[in-house]
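Below is start.tsv, holding TSV, C-alpha atoms.
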```tsv
chain	number	residue	atom	x	y	z
A	7	MET	CA	59.84	54.95	42.52
A	8	SER	CA	56.39	55.79	41.23
A	9	SER	CA	53.99	57.69	43.46
A	10	ASN	CA	51.51	54.79	43.67
A	11	ARG	CA	54.23	52.39	44.73
A	12	ALA	CA	55.59	54.84	47.30
A	13	ILE	CA	52.10	55.31	48.73
A	14	TRP	CA	51.56	51.55	49.03
A	15	VAL	CA	54.99	50.90	50.55
A	16	GLY	CA	54.56	53.80	52.96
A	17	ALA	CA	51.04	52.82	54.00
A	18	ILE	CA	51.78	49.13	54.53
A	19	GLY	CA	55.07	49.82	56.30
A	20	THR	CA	53.45	52.42	58.54
A	21	LEU	CA	50.63	50.05	59.42
A	22	ILE	CA	52.99	47.19	60.30
A	23	ALA	CA	55.33	49.43	62.30
A	24	ALA	CA	52.39	50.99	64.14
A	25	ILE	CA	51.00	47.58	65.06
A	26	CYS	CA	54.40	46.55	66.37
A	27	CYS	CA	54.85	49.84	68.26
A	28	PHE	CA	51.51	50.23	69.93
A	29	THR	CA	50.58	46.62	70.65
A	30	PRO	CA	52.63	43.90	72.29
A	31	ALA	CA	52.68	41.90	69.05
A	32	LEU	CA	56.45	41.92	68.76
A	33	VAL	CA	56.96	41.15	72.45
A	34	VAL	CA	54.71	38.10	72.18
A	35	LEU	CA	56.39	37.01	68.96
A	36	PHE	CA	59.90	37.39	70.41
A	37	GLY	CA	58.85	35.50	73.54
A	38	ALA	CA	57.39	32.67	71.47
A	39	VAL	CA	60.58	32.15	69.46
A	40	GLY	CA	62.92	32.57	72.44
A	41	LEU	CA	64.27	36.03	71.69
A	42	SER	CA	62.74	37.76	74.70
A	43	THR	CA	66.10	39.33	75.61
A	44	LEU	CA	65.76	41.56	72.53
A	45	THR	CA	62.51	43.16	73.65
A	46	GLY	CA	64.41	46.05	75.22
A	47	TYR	CA	65.73	47.08	71.81
A	48	ILE	CA	62.41	47.05	69.98
A	49	ASP	CA	61.80	50.80	70.36
A	50	THR	CA	65.24	51.69	68.99
A	51	VAL	CA	64.39	49.90	65.75
A	52	VAL	CA	60.62	50.18	65.31
A	53	LEU	CA	60.17	53.90	66.06
A	54	PRO	CA	62.71	55.06	63.44
A	55	ALA	CA	61.19	52.57	60.98
A	56	LEU	CA	57.77	54.09	61.65
A	57	GLY	CA	59.14	57.55	60.94
A	58	LEU	CA	60.82	56.36	57.74
A	59	PHE	CA	57.63	54.77	56.42
A	60	VAL	CA	55.61	57.88	57.25
A	61	LEU	CA	58.12	59.96	55.28
A	62	ILE	CA	57.85	57.56	52.32
A	63	LEU	CA	54.06	57.85	52.48
A	64	ILE	CA	54.23	61.66	52.54
A	65	PHE	CA	56.69	61.61	49.62
A	66	GLY	CA	54.36	59.40	47.58
A	67	VAL	CA	51.34	61.61	48.28
A	68	ILE	CA	53.25	64.76	47.32
A	69	GLN	CA	54.50	63.15	44.11
A	70	GLY	CA	50.95	62.02	43.30
A	71	VAL	CA	49.58	65.52	43.77
A	72	ARG	CA	52.27	67.05	41.56
A	73	SER	CA	51.67	64.69	38.64
```
Structure translated into structure tokens:
Amino acid sequence: MSSNRAIWVGAIGTLIAAICCFTPALVVLFGAVGLSTLTGYIDTVVLPALGLFVLILIFGVIQGVRS
């Protein structure tokens, strides 16, 4: 994966995961489509995804600095 692509994937993924973590966007979306019983499991999925995308972003920045 090139550094530019890793930076873009990391930045966009981090932004989407942060929006879903810190705002009730996912809760409203799940309620609208009838999946409100899954709202208790949102943090177990979204928080690790946020961490993964932050790591991808850091990896891309480090690779960009090295090249």
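The protein and nucleic acid residues lying at most 12 Å from Cys26 in chain A are Gly19, Thr20, Leu21, Ile22, Ala23, Ala24, Phe28, Thr29, Pro30, Ala31, Leu32, Val33, Val34, Leu35, Phe36, Thr45, Ile48, Asp49, Val51, Val52, Leu53, Ala55 and Leu56 of chain A, with only C-alpha atoms considered and sequence neighbours fewer than 2 positions away removed.
CA of Ile68 in chain A sits 10.8 Å away from CA of Asn10 in chain A.
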Quick one: residues within 9 Å of Gly16 in chain A, only C-alpha atoms, excluding same-chain residues fewer than 4 positions away - as a list in words?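 Counting only the stated atoms, we get Arg11, Ala12, Thr20, Leu21, Leu58, Phe59, Val60, Leu61, Ile62, Leu63, Ile64, Phe65 and Gly66 of chain A.
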So how many Å separate CA of Cys27 in chain A and CA of Thr50 in chain A, to one decimal? 10.6 Å
Please report the interatomic distance between CA of Ser8 in chain A and CA of Gln69 in chain A in Å with one decimal.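 Pair CA of Ser8 in chain A / CA of Gln69 in chain A returns 8.1 Å.
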